[in-house]
Structures are given as C-alpha cells and as structure tokens.
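Text of the file target-v2.csv, holding CSV, N, CA and C atoms:
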chain,number,residue,atom,x,y,z
A,574,MET,N,-36.4,50.9,12.3
A,574,MET,CA,-35.9,49.6,12.1
A,574,MET,C,-36.7,48.6,12.9
A,575,LEU,N,-37.0,48.8,14.1
A,575,LEU,CA,-37.7,47.8,14.9
A,575,LEU,C,-39.1,47.7,14.4
A,576,GLN,N,-39.8,48.8,13.9
A,576,GLN,CA,-41.1,48.7,13.4
A,576,GLN,C,-41.1,47.8,12.1
A,577,ARG,N,-40.1,47.9,11.3
A,577,ARG,CA,-40.0,47.1,10.1
A,577,ARG,C,-40.0,45.6,10.5
A,578,GLU,N,-39.2,45.3,11.5
A,578,GLU,CA,-39.1,43.9,12.0
A,578,GLU,C,-40.5,43.4,12.6
A,579,LEU,N,-41.1,44.3,13.3
A,579,LEU,CA,-42.4,43.9,13.9
A,579,LEU,C,-43.5,43.7,12.8
A,580,ASP,N,-43.4,44.5,11.8
A,580,ASP,CA,-44.3,44.3,10.7
A,580,ASP,C,-44.3,42.9,10.0
A,581,ARG,N,-43.1,42.3,10.2
A,581,ARG,CA,-43.0,40.9,9.6
A,581,ARG,C,-43.6,39.8,10.5
A,582,VAL,N,-43.8,40.1,11.7
A,582,VAL,CA,-44.4,39.2,12.7
A,582,VAL,C,-45.9,39.1,12.5
A,583,PRO,N,-46.4,37.9,12.4
A,583,PRO,CA,-47.9,37.8,12.2
A,583,PRO,C,-48.6,38.4,13.4
A,584,ARG,N,-49.7,39.1,13.2
A,584,ARG,CA,-50.5,39.7,14.3
A,584,ARG,C,-51.0,38.7,15.3
A,585,GLU,N,-51.3,37.5,14.8
A,585,GLU,CA,-51.8,36.5,15.8
A,585,GLU,C,-50.7,36.0,16.7
A,586,VAL,N,-49.4,36.2,16.4
A,586,VAL,CA,-48.3,35.9,17.3
A,586,VAL,C,-48.1,37.1,18.2
A,587,LEU,N,-48.2,38.3,17.7
A,587,LEU,CA,-48.0,39.5,18.5
A,587,LEU,C,-49.2,39.6,19.6
A,588,ALA,N,-50.3,39.0,19.3
A,588,ALA,CA,-51.4,39.1,20.3
A,588,ALA,C,-51.1,38.4,21.6
A,589,HIS,N,-50.0,37.6,21.6
A,589,HIS,CA,-49.6,36.9,22.8
A,589,HIS,C,-48.4,37.6,23.5
A,590,VAL,N,-48.0,38.8,23.0
A,590,VAL,CA,-46.9,39.6,23.6
A,590,VAL,C,-47.5,40.6,24.5
A,591,VAL,N,-46.9,40.8,25.7
A,591,VAL,CA,-47.2,41.8,26.6
A,591,VAL,C,-46.0,42.6,27.0
A,592,ASP,N,-46.1,43.9,26.8
A,592,ASP,CA,-45.1,44.8,27.3
A,592,ASP,C,-45.4,45.0,28.8
A,593,VAL,N,-44.5,44.4,29.6
A,593,VAL,CA,-44.8,44.3,31.0
A,593,VAL,C,-44.4,45.6,31.8
A,594,HIS,N,-43.9,46.6,31.2
A,594,HIS,CA,-43.5,47.8,31.9
A,594,HIS,C,-43.6,49.0,31.0
A,595,CYS,N,-44.8,49.5,30.8
A,595,CYS,CA,-45.0,50.6,29.9
A,595,CYS,C,-45.5,51.8,30.7
A,596,HIS,N,-45.0,53.0,30.4
A,596,HIS,CA,-45.4,54.2,31.0
A,596,HIS,C,-46.1,55.1,29.9
A,597,PRO,N,-47.4,54.8,29.7
A,597,PRO,CA,-48.1,55.5,28.6
A,597,PRO,C,-48.2,57.0,28.7
A,598,THR,N,-48.2,57.5,30.0
A,598,THR,CA,-48.3,58.9,30.2
A,598,THR,C,-47.0,59.7,30.0
A,599,ASP,N,-45.9,58.9,29.9
A,599,ASP,CA,-44.6,59.5,29.6
A,599,ASP,C,-44.2,59.4,28.1
A,600,SER,N,-45.0,58.9,27.3
A,600,SER,CA,-44.7,58.6,25.9
A,600,SER,C,-44.6,59.9,25.1
A,601,ASP,N,-43.6,60.0,24.3
A,601,ASP,CA,-43.4,61.2,23.4
A,601,ASP,C,-44.4,61.2,22.3
A,602,PHE,N,-44.9,60.1,21.9
A,602,PHE,CA,-45.8,60.0,20.7
A,602,PHE,C,-47.3,60.1,21.1
A,603,GLY,N,-47.6,60.1,22.4
A,603,GLY,CA,-49.0,60.2,22.8
A,603,GLY,C,-49.8,58.9,22.8
A,604,MET,N,-49.9,58.3,24.0
A,604,MET,CA,-50.6,57.0,24.1
A,604,MET,C,-52.1,57.3,24.2
A,605,THR,N,-52.7,57.7,23.1
A,605,THR,CA,-54.1,57.9,23.1
A,605,THR,C,-54.9,56.6,23.0
A,606,SER,N,-56.2,56.7,23.3
A,606,SER,CA,-57.0,55.6,23.2
A,606,SER,C,-57.0,55.0,21.8
A,607,GLU,N,-57.0,55.9,20.8
A,607,GLU,CA,-56.9,55.4,19.4
A,607,GLU,C,-55.6,54.6,19.1
A,608,PHE,N,-54.5,55.1,19.6
A,608,PHE,CA,-53.2,54.5,19.5
A,608,PHE,C,-53.3,53.1,20.1
A,609,VAL,N,-53.8,53.0,21.3
A,609,VAL,CA,-53.9,51.7,22.0
A,609,VAL,C,-54.7,50.7,21.3
A,610,LYS,N,-55.8,51.2,20.7
A,610,LYS,CA,-56.7,50.3,19.9
A,610,LYS,C,-56.0,49.6,18.8
A,611,GLU,N,-55.0,50.3,18.2
A,611,GLU,CA,-54.2,49.8,17.1
A,611,GLU,C,-53.0,49.0,17.5
A,612,LEU,N,-52.6,49.0,18.7
A,612,LEU,CA,-51.5,48.2,19.2
A,612,LEU,C,-51.7,46.7,18.9
A,613,PRO,N,-50.7,46.0,18.4
A,613,PRO,CA,-50.8,44.6,18.1
A,613,PRO,C,-50.5,43.8,19.4
A,614,VAL,N,-50.0,44.4,20.5
A,614,VAL,CA,-49.6,43.8,21.7
A,614,VAL,C,-50.5,44.3,22.9
A,615,ARG,N,-50.4,43.6,24.0
A,615,ARG,CA,-51.0,44.1,25.2
A,615,ARG,C,-50.0,44.8,26.1
A,616,ILE,N,-50.4,45.7,27.0
A,616,ILE,CA,-49.5,46.4,27.8
A,616,ILE,C,-49.9,46.4,29.3
A,617,CYS,N,-48.9,46.4,30.1
A,617,CYS,CA,-49.1,46.7,31.5
A,617,CYS,C,-48.8,48.2,31.7
A,618,ALA,N,-49.8,49.0,31.8
A,618,ALA,CA,-49.6,50.4,31.9
A,618,ALA,C,-49.3,50.9,33.3
A,619,MET,N,-48.1,51.4,33.5
A,619,MET,CA,-47.6,51.8,34.8
A,619,MET,C,-48.1,53.2,35.2
A,620,SER,N,-48.5,53.4,36.4
A,620,SER,CA,-48.8,54.7,36.9
A,620,SER,C,-48.0,54.9,38.2
A,621,THR,N,-47.2,55.9,38.2
A,621,THR,CA,-46.3,56.1,39.4
A,621,THR,C,-46.5,57.5,40.1
A,622,ARG,N,-47.3,58.3,39.5
A,622,ARG,CA,-47.5,59.7,40.0
A,622,ARG,C,-49.0,59.9,40.1
A,623,ARG,N,-49.4,60.8,41.0
A,623,ARG,CA,-50.8,61.1,41.2
A,623,ARG,C,-51.4,61.5,39.8
A,624,SER,N,-50.7,62.3,39.0
A,624,SER,CA,-51.2,62.8,37.7
A,624,SER,C,-51.4,61.6,36.7
A,625,ASP,N,-50.7,60.5,36.9
A,625,ASP,CA,-50.8,59.3,36.0
A,625,ASP,C,-52.1,58.5,36.3
A,626,GLN,N,-52.6,58.5,37.5
A,626,GLN,CA,-53.6,57.5,38.0
A,626,GLN,C,-54.8,57.5,37.0
A,627,GLU,N,-55.4,58.6,36.8
A,627,GLU,CA,-56.7,58.7,36.1
A,627,GLU,C,-56.4,58.4,34.6
A,628,PRO,N,-55.4,58.9,33.9
A,628,PRO,CA,-55.2,58.6,32.5
A,628,PRO,C,-54.9,57.1,32.3
A,629,VAL,N,-54.2,56.4,33.2
A,629,VAL,CA,-54.0,55.0,33.1
A,629,VAL,C,-55.3,54.2,33.3
A,630,ALA,N,-56.0,54.6,34.3
A,630,ALA,CA,-57.3,54.0,34.6
A,630,ALA,C,-58.3,54.1,33.4
A,631,LYS,N,-58.3,55.3,32.8
A,631,LYS,CA,-59.1,55.5,31.6
A,631,LYS,C,-58.8,54.6,30.5
A,632,LEU,N,-57.4,54.5,30.2
A,632,LEU,CA,-57.0,53.6,29.1
A,632,LEU,C,-57.4,52.2,29.4
A,633,ALA,N,-57.3,51.7,30.6
A,633,ALA,CA,-57.7,50.4,31.0
A,633,ALA,C,-59.2,50.1,30.9
A,634,ARG,N,-60.0,51.1,31.3
A,634,ARG,CA,-61.4,51.0,31.1
A,634,ARG,C,-61.8,51.0,29.7
A,635,ALA,N,-61.2,51.7,28.8
A,635,ALA,CA,-61.5,51.8,27.4
A,635,ALA,C,-61.0,50.6,26.6
A,636,HIS,N,-60.0,49.9,27.1
A,636,HIS,CA,-59.4,48.8,26.4
A,636,HIS,C,-59.0,47.7,27.4
A,637,PRO,N,-60.0,47.1,28.1
A,637,PRO,CA,-59.6,46.0,29.1
A,637,PRO,C,-59.0,44.8,28.5
A,638,GLU,N,-59.1,44.6,27.2
A,638,GLU,CA,-58.5,43.4,26.5
A,638,GLU,C,-57.0,43.7,26.2
A,639,LYS,N,-56.6,45.0,26.2
A,639,LYS,CA,-55.2,45.3,25.8
A,639,LYS,C,-54.4,46.0,27.0
A,640,VAL,N,-55.1,46.6,27.9
A,640,VAL,CA,-54.4,47.3,29.0
A,640,VAL,C,-54.6,46.7,30.4
A,641,ILE,N,-53.5,46.4,31.0
A,641,ILE,CA,-53.5,45.9,32.4
A,641,ILE,C,-53.0,47.1,33.2
A,642,PRO,N,-53.8,47.7,34.0
A,642,PRO,CA,-53.3,48.9,34.8
A,642,PRO,C,-52.5,48.5,36.0
A,643,CYS,N,-51.5,49.2,36.2
A,643,CYS,CA,-50.6,48.9,37.4
A,643,CYS,C,-50.4,50.3,38.1
A,644,PHE,N,-50.8,50.3,39.4
A,644,PHE,CA,-50.8,51.6,40.1
A,644,PHE,C,-49.7,51.5,41.2
A,645,GLY,N,-48.8,52.4,41.2
A,645,GLY,CA,-47.8,52.5,42.2
A,645,GLY,C,-47.6,53.9,42.6
A,646,TRP,N,-46.7,54.2,43.5
A,646,TRP,CA,-46.4,55.5,43.9
A,646,TRP,C,-44.9,55.7,44.1
A,647,SER,N,-44.4,56.7,43.4
A,647,SER,CA,-43.0,56.9,43.5
A,647,SER,C,-42.7,58.1,44.5
A,648,ILE,N,-41.9,57.8,45.4
A,648,ILE,CA,-41.5,58.8,46.4
A,648,ILE,C,-40.2,59.4,46.1
A,649,MET,N,-40.1,60.6,45.8
A,649,MET,CA,-38.9,61.3,45.4
A,649,MET,C,-38.3,61.8,46.7
A,650,PRO,N,-37.0,61.6,46.9
A,650,PRO,CA,-36.4,62.2,48.1
A,650,PRO,C,-36.3,63.7,48.1
A,651,SER,N,-36.6,64.3,49.2
A,651,SER,CA,-36.5,65.8,49.2
A,651,SER,C,-35.1,66.3,49.1
A,652,SER,N,-34.9,67.4,48.5
A,652,SER,CA,-33.6,67.9,48.4
A,652,SER,C,-33.2,69.0,49.4
Represent the structure contained in this file as structure tokens.
Amino acid sequence: MLQRELDRVPREVLAHVVDVHCHPTDSDFGMTSEFVKELPVRICAMSTRRSDQEPVAKLARAHPEKVIPCFGWSIMPSS
C-alpha cells in the first residue's frame, strides 16, 4: 500500500526526503548496494553493533550521495 502511494510522488520530490533512522543491516529484504542505488530517497544508515560498522561504511562509500553513515554503540545490560 505504501509503495503504491510512493509511486505517485514525483522522484524529484522524493530526492529531498531523508530517512533519518535506518538500520540497513537489520533489513529483511537485504539492503544491498544495488538496492540503495535504486532508492528514491537518502538514508541515515545507523550502525549500533561492531558487526554493523563495516557494512554501513561500505554502503556510504559506495553511495555518498544517498547514504549518511551514523556510527554508535549499543551496550546491552548483562543478565
């Protein structure tokens, strides 16, 4: 449903949209470089685990016009 609505928005308008909190490494559909290339919007790609750091950096290097990398660290309380 959302995709149908987005398809109605002109791409020149979507070019000004930024998803400000995206976790590409947690995506069910695979946030590949090819997928990012086709995105009509820009993203702030969040990295919160050590394993996320390099994949997010790689996406940002491959698509500097579309990906703003954000590096953080999530501390999980010990049980």
- prompt: chain A: which residues are helix (DSSP H, G or I) by DSSP, as an MDAnalysis selection string?
  reply: chainID A and resid 575:581 584:587 597:599 606:611 623:635
- request: For range 594-599 of chain A, work out the shell of residues within 6 Å, counting all atoms listed in the file and skipping chain neighbours fewer than 6 positions away, then give it as JSON, numbers by chain.
  value: {"A": [617, 618, 619]}
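Remark: for His589 in chain A, the closest of the candidate residues A:Arg577, A:Met604, A:Val614, A:Ala635 is A:Val614 (distances computed over all atoms listed in the file).
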message: Between A:Cys643, A:Phe608, A:Pro637, A:Leu579, which residue has the minimum interatomic distance to Ser620 in chain A, considering all atoms listed in the file?
response: A:Cys643
- prompt: Which residue, A:Val640, A:Val593, A:Ala630, A:Val582, has the smallest gap to Lys610 in chain A when you use only C-alpha atoms?
  reply: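 Ranked by minimum distance to Lys610 in chain A, first place goes to A:Val640.
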